[in-house]
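Asks: Quick one, upload35.csv (CSV, C-alpha atoms):
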chain,number,residue,atom,x,y,z
B,438,MET,CA,3.0,-0.4,29.7
B,439,THR,CA,0.2,-2.5,28.4
B,440,THR,CA,-2.7,-1.6,26.1
B,441,ALA,CA,-6.4,-2.7,26.1
B,442,LEU,CA,-5.7,-4.8,23.0
B,443,GLY,CA,-2.6,-6.2,24.5
B,444,GLU,CA,-4.6,-7.5,27.4
B,445,LYS,CA,-7.2,-9.0,25.0
B,446,ILE,CA,-4.5,-10.8,23.0
B,447,LYS,CA,-2.9,-12.2,26.2
B,448,THR,CA,-6.3,-13.5,27.2
B,449,ILE,CA,-6.7,-15.2,23.8
B,450,ILE,CA,-3.2,-16.7,24.1
B,451,GLN,CA,-3.8,-18.0,27.6
B,452,ALA,CA,-7.0,-19.6,26.6
B,453,ASN,CA,-6.0,-21.1,23.2
B,454,GLY,CA,-2.1,-21.0,23.0
B,455,PRO,CA,0.2,-18.9,20.9
B,456,ILE,CA,-1.2,-17.1,17.8
B,457,SER,CA,0.5,-16.7,14.4
B,458,VAL,CA,2.1,-13.4,13.4
B,459,THR,CA,-0.7,-13.1,10.8
B,460,ASP,CA,-3.3,-13.3,13.5
B,461,TYR,CA,-1.4,-10.8,15.7
B,462,PHE,CA,-1.0,-8.4,12.7
B,463,SER,CA,-4.8,-8.7,11.9
B,464,LEU,CA,-5.8,-8.1,15.5
B,465,CYS,CA,-3.5,-5.0,15.8
B,466,LEU,CA,-5.0,-3.3,12.8
B,467,ALA,CA,-8.6,-4.5,12.6
B,468,ASP,CA,-9.8,-5.7,16.0
B,469,PRO,CA,-13.4,-4.3,16.1
B,470,ASP,CA,-12.9,-2.7,19.6
B,471,HIS,CA,-9.2,-1.7,19.8
B,472,GLY,CA,-7.7,-2.2,16.3
B,473,TYR,CA,-5.4,0.6,15.1
B,474,TYR,CA,-7.5,1.5,12.0
B,475,ARG,CA,-10.7,1.4,14.1
B,476,THR,CA,-9.6,3.8,16.8
B,477,ARG,CA,-6.7,6.0,15.5
B,478,GLU,CA,-6.2,8.8,13.1
B,479,PRO,CA,-3.2,7.3,11.4
B,480,PHE,CA,-2.5,9.7,8.6
B,481,GLY,CA,-0.9,13.2,8.4
B,482,ARG,CA,1.3,15.2,10.7
B,483,SER,CA,-0.8,14.6,13.8
B,484,GLY,CA,-1.0,10.9,13.1
B,485,ASP,CA,1.7,8.3,13.4
B,486,PHE,CA,3.0,8.5,9.8
B,487,VAL,CA,2.8,10.7,6.7
B,488,THR,CA,2.0,9.1,3.4
B,489,ALA,CA,3.3,10.5,0.0
B,490,PRO,CA,0.0,12.3,-0.9
B,491,GLU,CA,0.2,14.2,2.4
B,492,VAL,CA,3.8,15.4,1.5
B,493,SER,CA,2.7,17.2,-1.6
B,494,GLN,CA,0.0,17.5,-4.2
B,495,LEU,CA,2.6,16.6,-6.8
B,496,PHE,CA,2.4,12.9,-5.9
B,497,GLY,CA,-1.3,12.5,-6.6
B,498,GLU,CA,-1.0,14.7,-9.7
B,499,MET,CA,1.6,12.4,-11.1
B,500,ILE,CA,-0.6,9.4,-10.4
B,501,GLY,CA,-3.4,11.3,-12.2
B,502,VAL,CA,-1.1,11.7,-15.2
B,503,PHE,CA,-0.3,8.0,-15.2
B,504,ILE,CA,-4.1,7.1,-15.1
B,505,VAL,CA,-4.8,9.4,-18.1
B,506,HIS,CA,-1.9,7.9,-20.0
B,507,ALA,CA,-3.1,4.3,-19.2
B,508,TRP,CA,-6.6,5.1,-20.3
B,509,GLN,CA,-5.4,6.5,-23.6
B,510,ARG,CA,-3.1,3.5,-24.2
B,511,HIS,CA,-6.1,1.2,-23.7
B,512,GLY,CA,-8.0,3.1,-26.5
B,513,ALA,CA,-9.8,5.6,-24.3
B,514,PRO,CA,-12.8,3.4,-23.4
B,515,ALA,CA,-16.0,5.5,-22.9
B,516,ASP,CA,-17.1,3.8,-19.7
B,517,ALA,CA,-14.3,3.5,-17.1
B,518,ARG,CA,-14.2,2.8,-13.4
B,519,LEU,CA,-11.5,4.7,-11.4
B,520,VAL,CA,-10.8,2.7,-8.2
B,521,GLU,CA,-8.6,3.5,-5.3
B,522,ILE,CA,-8.2,0.8,-2.7
B,523,GLY,CA,-7.3,2.1,0.7
B,524,PRO,CA,-7.7,5.8,0.0
B,525,GLY,CA,-6.4,7.2,3.3
B,526,ARG,CA,-7.7,10.7,3.8
B,527,GLY,CA,-8.8,11.0,0.1
B,528,THR,CA,-5.9,13.4,-0.6
B,529,MET,CA,-4.5,11.4,-3.5
B,530,MET,CA,-7.8,11.0,-5.2
B,531,ALA,CA,-8.5,14.7,-4.9
B,532,ASP,CA,-5.2,15.5,-6.6
B,533,MET,CA,-5.7,12.8,-9.2
B,534,LEU,CA,-9.2,14.1,-10.1
B,535,ARG,CA,-7.9,17.6,-10.6
B,536,VAL,CA,-5.4,16.4,-13.2
B,537,ILE,CA,-7.7,14.0,-14.9
B,538,GLU,CA,-10.3,16.8,-15.3
B,539,ARG,CA,-7.7,19.1,-16.8
B,540,LEU,CA,-5.9,16.6,-19.1
B,541,ALA,CA,-8.8,14.3,-20.1
B,542,PRO,CA,-12.3,15.9,-19.8
B,543,PRO,CA,-14.0,13.0,-21.7
B,544,LEU,CA,-12.6,10.5,-19.1
B,545,PHE,CA,-13.4,12.8,-16.2
B,546,ASP,CA,-17.0,13.3,-17.4
B,547,ALA,CA,-17.8,9.7,-18.2
B,548,MET,CA,-16.0,7.6,-15.5
B,549,SER,CA,-17.4,6.5,-12.2
B,550,ILE,CA,-15.3,6.8,-9.1
B,551,HIS,CA,-15.0,4.1,-6.5
B,552,LEU,CA,-13.2,4.1,-3.1
B,553,VAL,CA,-12.7,0.7,-1.3
B,554,GLU,CA,-12.6,1.6,2.4
B,555,THR,CA,-13.6,-0.4,5.4
B,556,SER,CA,-13.2,2.3,8.1
B,557,GLU,CA,-16.3,4.4,8.7
B,558,ARG,CA,-14.2,7.1,10.3
B,559,LEU,CA,-11.9,7.3,7.2
B,560,ARG,CA,-14.9,7.4,4.9
B,561,ASP,CA,-16.1,10.5,6.7
B,562,ILE,CA,-12.7,12.2,6.2
B,563,GLN,CA,-12.7,11.2,2.6
B,564,GLN,CA,-16.2,12.6,2.0
B,565,GLU,CA,-14.9,16.0,3.4
B,566,THR,CA,-11.8,15.9,1.3
B,567,LEU,CA,-13.7,15.0,-1.9
B,568,VAL,CA,-16.8,17.2,-1.2
B,569,ALA,CA,-16.3,18.9,-4.6
B,570,HIS,CA,-17.1,15.5,-6.2
B,571,SER,CA,-19.9,14.4,-3.9
B,572,GLY,CA,-22.6,12.5,-5.7
B,573,ARG,CA,-20.0,11.0,-8.1
B,574,ILE,CA,-18.2,8.7,-5.7
B,575,SER,CA,-19.3,5.3,-4.5
B,576,TRP,CA,-17.8,3.7,-1.3
B,577,HIS,CA,-17.4,-0.1,-1.0
B,578,ASP,CA,-16.4,-2.4,1.8
B,579,SER,CA,-14.6,-4.7,-0.6
B,580,PHE,CA,-13.1,-4.6,-4.1
B,581,ASP,CA,-15.6,-7.3,-5.2
B,582,GLU,CA,-18.5,-4.7,-4.9
B,583,VAL,CA,-17.0,-2.4,-7.5
B,584,PRO,CA,-19.3,-2.5,-10.6
B,585,GLN,CA,-18.2,-4.5,-13.6
B,586,GLY,CA,-16.4,-2.8,-16.5
B,587,PHE,CA,-13.1,-1.4,-17.7
B,588,THR,CA,-11.1,-0.6,-14.5
B,589,LEU,CA,-8.2,1.7,-13.6
B,590,ILE,CA,-6.9,1.0,-10.1
B,591,ALA,CA,-4.5,2.9,-7.9
B,592,ALA,CA,-3.3,1.6,-4.5
B,593,ASN,CA,-0.8,3.5,-2.4
B,594,GLU,CA,0.5,1.8,0.7
B,595,LEU,CA,-2.2,-0.8,0.6
B,596,PHE,CA,-0.2,-4.0,0.5
B,597,ASP,CA,2.1,-3.2,3.4
B,598,ALA,CA,-0.9,-3.2,5.8
B,599,ILE,CA,-2.0,-6.7,4.7
B,600,PRO,CA,-0.8,-9.3,7.2
B,601,ILE,CA,2.2,-11.6,6.6
B,602,ARG,CA,3.2,-15.0,7.9
B,603,GLN,CA,6.7,-15.4,9.2
B,604,PHE,CA,8.8,-18.6,9.3
B,605,ILE,CA,12.0,-19.0,11.2
B,606,LYS,CA,14.8,-21.4,10.3
B,607,THR,CA,15.4,-24.0,13.0
B,608,PRO,CA,17.7,-27.0,13.0
B,609,THR,CA,14.8,-29.1,11.7
B,610,GLY,CA,13.7,-26.7,8.9
B,611,PHE,CA,11.5,-23.6,8.7
B,612,ARG,CA,8.8,-23.2,11.4
B,613,GLU,CA,6.1,-20.6,11.8
B,614,ARG,CA,6.9,-17.7,14.1
B,615,MET,CA,4.3,-17.2,16.8
B,616,VAL,CA,3.3,-14.7,19.4
B,617,GLY,CA,3.0,-16.1,23.0
B,618,VAL,CA,3.2,-14.9,26.6
B,619,ASP,CA,6.6,-15.2,28.4
B,620,ALA,CA,7.2,-16.0,32.1
B,621,GLN,CA,6.9,-12.3,33.0
B,622,GLY,CA,3.4,-12.2,31.4
B,623,GLU,CA,4.6,-10.1,28.4
B,624,LEU,CA,3.9,-10.8,24.8
B,625,SER,CA,6.9,-12.5,23.1
B,626,PHE,CA,7.9,-14.2,19.9
B,627,GLY,CA,8.2,-18.0,19.8
B,628,ILE,CA,8.4,-20.9,17.3
B,629,GLY,CA,5.3,-23.0,16.4
B,630,VAL,CA,5.0,-26.4,14.9
B,631,ALA,CA,3.7,-25.5,11.4
B,632,GLY,CA,6.2,-25.7,8.6
B,633,ILE,CA,6.2,-24.2,5.1
B,634,ASP,CA,6.0,-25.9,1.7
B,635,PRO,CA,9.7,-25.9,0.6
B,636,SER,CA,8.6,-24.9,-2.9
B,637,LEU,CA,7.7,-21.5,-1.5
B,638,LEU,CA,11.2,-20.8,-0.2
B,639,PRO,CA,13.9,-19.0,-2.2
B,640,ALA,CA,16.6,-21.3,-3.7
B,641,GLN,CA,19.2,-20.4,-1.1
B,642,ALA,CA,17.0,-21.5,1.8
B,643,SER,CA,19.2,-24.5,2.6
B,644,SER,CA,22.3,-22.3,3.1
B,645,VAL,CA,20.9,-19.5,5.3
B,646,PRO,CA,21.8,-19.8,9.1
B,647,VAL,CA,19.5,-21.0,11.8
B,648,GLY,CA,17.4,-18.1,13.1
B,649,THR,CA,16.9,-16.6,9.6
B,650,LEU,CA,13.3,-15.3,8.9
B,651,PHE,CA,11.3,-15.7,5.8
B,652,GLU,CA,8.1,-13.8,5.1
B,653,ILE,CA,5.2,-14.7,2.9
B,654,SER,CA,1.7,-13.2,2.5
B,655,PRO,CA,-1.0,-15.3,1.1
B,656,ALA,CA,-3.5,-12.5,1.9
B,657,ARG,CA,-1.6,-10.0,-0.3
B,658,GLN,CA,-1.5,-12.6,-3.1
B,659,SER,CA,-5.3,-13.1,-2.8
B,660,VAL,CA,-5.9,-9.4,-3.2
B,661,MET,CA,-3.6,-9.3,-6.2
B,662,THR,CA,-5.4,-12.3,-7.7
B,663,ALA,CA,-8.8,-10.5,-7.2
B,664,ILE,CA,-7.4,-7.5,-9.1
B,665,GLY,CA,-6.0,-9.8,-11.7
B,666,ASP,CA,-9.4,-11.6,-12.2
B,667,ARG,CA,-11.1,-8.2,-12.6
B,668,LEU,CA,-8.7,-6.9,-15.2
B,669,MET,CA,-8.6,-10.2,-17.1
B,670,GLN,CA,-12.4,-10.0,-17.4
B,671,PHE,CA,-13.0,-6.4,-18.2
B,672,GLY,CA,-9.6,-4.9,-19.1
B,673,GLY,CA,-7.6,-2.1,-17.4
B,674,THR,CA,-4.5,-1.3,-15.4
B,675,ALA,CA,-3.6,-1.5,-11.8
B,676,LEU,CA,-0.8,0.6,-10.1
B,677,ALA,CA,0.6,-0.4,-6.7
B,678,ILE,CA,3.0,1.8,-4.7
B,679,ASP,CA,4.5,0.6,-1.5
B,680,TYR,CA,7.7,0.3,0.3
B,681,GLY,CA,9.4,-3.1,-0.2
B,682,HIS,CA,11.9,-5.0,-2.2
B,683,LEU,CA,12.1,-6.0,-5.8
B,684,ILE,CA,13.6,-9.5,-5.2
B,685,THR,CA,12.3,-12.1,-2.8
B,686,GLY,CA,14.7,-12.6,0.1
B,687,PHE,CA,15.1,-13.3,3.8
B,688,GLY,CA,14.8,-11.0,6.8
B,689,ASP,CA,12.4,-9.6,9.4
B,690,THR,CA,10.6,-6.6,8.0
B,691,LEU,CA,7.7,-6.5,10.6
B,692,GLN,CA,7.6,-3.0,12.0
B,693,ALA,CA,5.5,-0.8,14.1
B,694,VAL,CA,5.3,3.0,13.9
B,695,ARG,CA,3.9,5.1,16.7
B,696,MET,CA,3.9,8.9,16.7
B,697,HIS,CA,6.4,9.0,13.8
B,698,GLU,CA,8.9,6.7,15.7
B,699,PHE,CA,9.7,3.1,15.2
B,700,ASP,CA,8.3,1.0,18.1
B,701,PRO,CA,8.9,-2.7,19.0
B,702,PRO,CA,6.1,-4.7,17.2
B,703,LEU,CA,4.8,-6.3,20.4
B,704,ALA,CA,5.1,-3.1,22.6
B,705,HIS,CA,1.8,-1.3,21.9
B,706,PRO,CA,-0.7,-3.5,20.1
B,707,GLY,CA,-3.6,-1.4,18.7
B,708,GLU,CA,-1.8,1.9,19.4
B,709,ALA,CA,0.9,1.6,16.7
B,710,ASP,CA,0.6,1.1,13.0
B,711,LEU,CA,1.9,-2.4,12.0
B,712,THR,CA,3.3,-3.0,8.5
B,713,SER,CA,5.9,-5.0,6.7
B,714,HIS,CA,7.8,-4.6,3.5
B,715,VAL,CA,6.1,-5.8,0.3
B,716,ASP,CA,7.8,-8.5,-1.7
B,717,PHE,CA,7.2,-7.1,-5.2
B,718,GLN,CA,8.7,-10.2,-6.9
B,719,ALA,CA,6.0,-12.3,-5.3
B,720,LEU,CA,3.3,-9.8,-6.1
B,721,ALA,CA,4.4,-9.6,-9.8
B,722,GLU,CA,4.5,-13.4,-10.1
B,723,THR,CA,1.0,-13.6,-8.7
B,724,ALA,CA,-0.3,-11.0,-11.2
B,725,GLN,CA,1.4,-12.8,-14.1
B,726,ALA,CA,-0.1,-16.1,-12.9
B,727,SER,CA,-3.5,-14.5,-13.3
B,728,GLY,CA,-2.6,-13.7,-16.9
B,729,LEU,CA,-1.8,-10.0,-16.5
B,730,TYR,CA,1.0,-8.2,-18.3
B,731,LEU,CA,3.7,-6.8,-16.1
B,732,ASN,CA,4.3,-3.2,-17.3
B,733,GLY,CA,7.3,-3.0,-15.0
B,734,LEU,CA,8.7,-2.3,-11.5
B,735,LEU,CA,10.5,0.9,-10.7
B,736,HIS,CA,11.7,2.9,-7.7
B,737,GLN,CA,9.2,5.6,-6.8
B,738,GLY,CA,11.7,8.3,-7.6
B,739,ASP,CA,12.3,7.0,-11.1
B,740,PHE,CA,8.6,6.6,-11.7
B,741,LEU,CA,7.7,10.1,-10.6
B,742,VAL,CA,10.6,11.8,-12.4
B,743,GLY,CA,9.7,9.7,-15.5
B,744,LEU,CA,6.2,11.1,-15.5
B,745,GLY,CA,7.3,14.7,-15.3
B,746,LEU,CA,7.6,15.4,-11.6
B,747,LEU,CA,10.5,17.9,-12.0
B,748,GLU,CA,8.7,19.9,-14.8
B,749,ARG,CA,5.5,20.0,-12.8
B,750,ALA,CA,7.3,21.2,-9.7
B,751,ALA,CA,9.0,23.9,-11.7
B,752,ALA,CA,5.6,25.1,-13.1
B,753,LEU,CA,4.1,25.0,-9.5
B,754,GLY,CA,7.0,27.1,-8.2
B,755,ARG,CA,7.1,29.7,-11.0
B,756,ASP,CA,6.6,33.3,-9.8
B,757,ARG,CA,6.1,32.1,-6.2
B,758,GLN,CA,7.9,33.3,-3.1
B,759,PRO,CA,11.3,31.8,-2.4
B,760,ASN,CA,10.0,30.0,0.7
B,761,THR,CA,7.2,28.4,-1.3
B,762,GLN,CA,9.8,27.3,-3.9
B,763,GLN,CA,11.9,25.8,-1.2
B,764,MET,CA,8.9,23.9,0.2
B,765,ILE,CA,8.2,22.5,-3.3
B,766,GLN,CA,11.8,21.5,-3.7
B,767,ALA,CA,11.9,19.8,-0.3
B,768,ALA,CA,8.7,17.9,-1.2
B,769,VAL,CA,10.3,16.7,-4.5
B,770,ASP,CA,13.4,15.6,-2.6
B,771,ARG,CA,11.3,13.7,-0.1
B,772,LEU,CA,9.2,12.0,-2.7
B,773,ALA,CA,11.9,11.2,-5.3
B,774,GLY,CA,15.2,11.5,-3.5
B,775,GLU,CA,17.3,8.8,-2.0
B,776,GLY,CA,18.6,8.4,1.6
B,777,GLU,CA,17.3,8.6,5.1
B,778,GLY,CA,13.7,9.7,5.4
B,779,LYS,CA,13.2,9.9,1.6
B,780,MET,CA,10.8,7.8,-0.4
B,781,GLY,CA,12.4,7.7,-3.8
B,782,GLU,CA,14.4,4.5,-3.4
B,783,LEU,CA,12.6,2.7,-0.5
B,784,PHE,CA,9.2,2.9,-2.2
B,785,LYS,CA,8.6,0.8,-5.3
B,786,VAL,CA,6.0,1.0,-8.1
B,787,MET,CA,4.4,-1.8,-10.0
B,788,ALA,CA,2.0,-1.6,-12.9
B,789,VAL,CA,0.1,-4.5,-14.4
B,790,SER,CA,-2.4,-4.5,-17.4
B,791,TYR,CA,-4.7,-6.5,-19.5
B,792,PRO,CA,-4.6,-6.5,-22.4
B,793,ALA,CA,-0.8,-5.9,-22.7
B,794,VAL,CA,0.0,-2.2,-23.3
B,795,ASP,CA,3.3,-0.4,-22.9
B,796,LEU,CA,3.0,2.4,-20.3
B,797,MET,CA,5.3,5.3,-19.5
B,798,PRO,CA,7.6,5.5,-17.6
B,799,PHE,CA,8.1,1.8,-17.6
B,800,ARG,CA,10.3,0.3,-20.3
B,801,PRO,CA,8.7,-2.6,-22.2
B,802,VAL,CA,9.4,-5.9,-20.3
B,803,ASP,CA,11.2,-8.5,-22.3
I'd like the structure from this file rewritten - as C-alpha cells, please.
Replies:
Amino acid sequence: MTTALGEKIKTIIQANGPISVTDYFSLCLADPDHGYYRTREPFGRSGDFVTAPEVSQLFGEMIGVFIVHAWQRHGAPADARLVEIGPGRGTMMADMLRVIERLAPPLFDAMSIHLVETSERLRDIQQETLVAHSGRISWHDSFDEVPQGFTLIAANELFDAIPIRQFIKTPTGFRERMVGVDAQGELSFGIGVAGIDPSLLPAQASSVPVGTLFEISPARQSVMTAIGDRLMQFGGTALAIDYGHLITGFGDTLQAVRMHEFDPPLAHPGEADLTSHVDFQALAETAQASGLYLNGLLHQGDFLVGLGLLERAAALGRDRQPNTQQMIQAAVDRLAGEGEGKMGELFKVMAVSYPAVDLMPFRPVD
C-alpha cells in the first residue's frame, strides 16, 4: 500500500536523489498537504497514541504543582509567562491551571498564558478545551513570539517529534542514513556520502560493529538553546518530559505508530506518527552550554511520586465507587509504573533553571 505523501516523496527522490532521515521525518510530520500533524487527529483514544495527560487528570495536576513550586523558589515574581510548547489537545494545560488557581491565586491572577502551536486544527481543539480561560491565552507559531519576561515552560512529548539525523557505521566510518527508492519502486533505507564530526560520537564509537546506528538531533538542540537563551535573559524554569534515554548511546530508535500499533517507519508516510527517543544527556549538555542550571533528570514515575501523585490519587478516590477507585489506580500505574505499556520508566523528566534554584523532587546536582 502506498500513501499520497509516499508518492510525493518518491517523486522528490527520483528527481533529486535520496533524502536524509531528517528530511523524511520532517515531510512525514509537517508536509503542508499530507503531513501527519496537518491531516490527522493524533491524540486520544480515537487517534494513534494516547499521551500522559489523556490517561488521567493527575498528570497535568502534578505538573501544575511543579510549576507553582518553581515559581515560589524563584521568589514568586509578580509578572510570569506560563508557556506550553506543543500543547496537544490542551488537556495538560487545563489540569495545570486548575491546580495553579487553587494553590497559588496570586500567580494565577497575574500570569499570562502562552501556547506554542503550529497546527490550526489543534489550536481549535485547544480553544475548546480551555474555553474557561478564553481571553487569557495567547497562541504563537513559534517560541520566539512569546513576550519577554520571567518564564515557566512545560513541554510534554515535544522533543520526540523533532527530527533526527541518523548515521550508520560502515567500514570507512560513520555515514548518513538516507531514504531512497529500491528496485521495486518502494521506499528503502540506504547509506549516503555525508560523514559526521567524530567529536560528536560517543567514546566507544571505534569499537562498535559495522551497521551500528548513531542518532543526533541538531534541531532539538536548537530548540533547547532557544529556551536557554530566554531563561538566561529573563529567568525561569523549563520542564521537558519525553520518552528517551539518560545516557547518549547507539541504536535505531526511529519509530512509527499507527492506530496504537507500531508500524515500519517507511510503510505509511503521512499516516503514522513518527518519533524517536530523546537523548537527554545531549539535551542537558545543550542546556548547560547555554548557562542554565540542570535541576536534574528523573524517570517519570519517580518525578510524579515525588510530587505527591499517590497522595493526590488517594484524595481523588476517597468516597468514590470501587470502579472509580480502580480506574484511578490503573491510571497511576500506567503513569508511574514500570514494565510493558507503562510510562513510569520509559519516560524521563528534565528540569533546567536560571538562576540556579533547587526544585523538588530533584535532588541537588553536584
Asks: Between atom CA of B:Arg535 and atom CA of B:Asp561, measure the distance and give it in Å to one decimal.
Replies: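 These two atoms are separated by 20.4 Å.
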Asks: For B:Glu554, which residue out of B:Gly745, B:Pro542, B:Gly525, B:Gly572 is the nearest one, using all atoms listed in the file?
Replies: B:Gly525
Asks: Please provide as a ChimeraX atom specification all residues within 9 Å of stretch 590-600 of chain B, with the sequence filter that same-chain residues fewer than 5 positions apart are discarded (counting all atoms listed in the file).
Replies: /B:458-463,466,488-490,500,504,518-525,529,654-657,660,664,673-681,710-715
Asks: Please, what distance in Å, to one decimal, runs between atom CA of B:Glu498 and atom CA of B:Leu534?
Replies: 8.2 Å
Asks: Which one of B:Asp634, B:Thr607, B:Val502, B:Gly617 sits closest to B:Thr448 if you count only C-alpha atoms?
Replies: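 Of B:Asp634, B:Thr607, B:Val502, B:Gly617, the one nearest B:Thr448 is B:Gly617, counting only C-alpha atoms.
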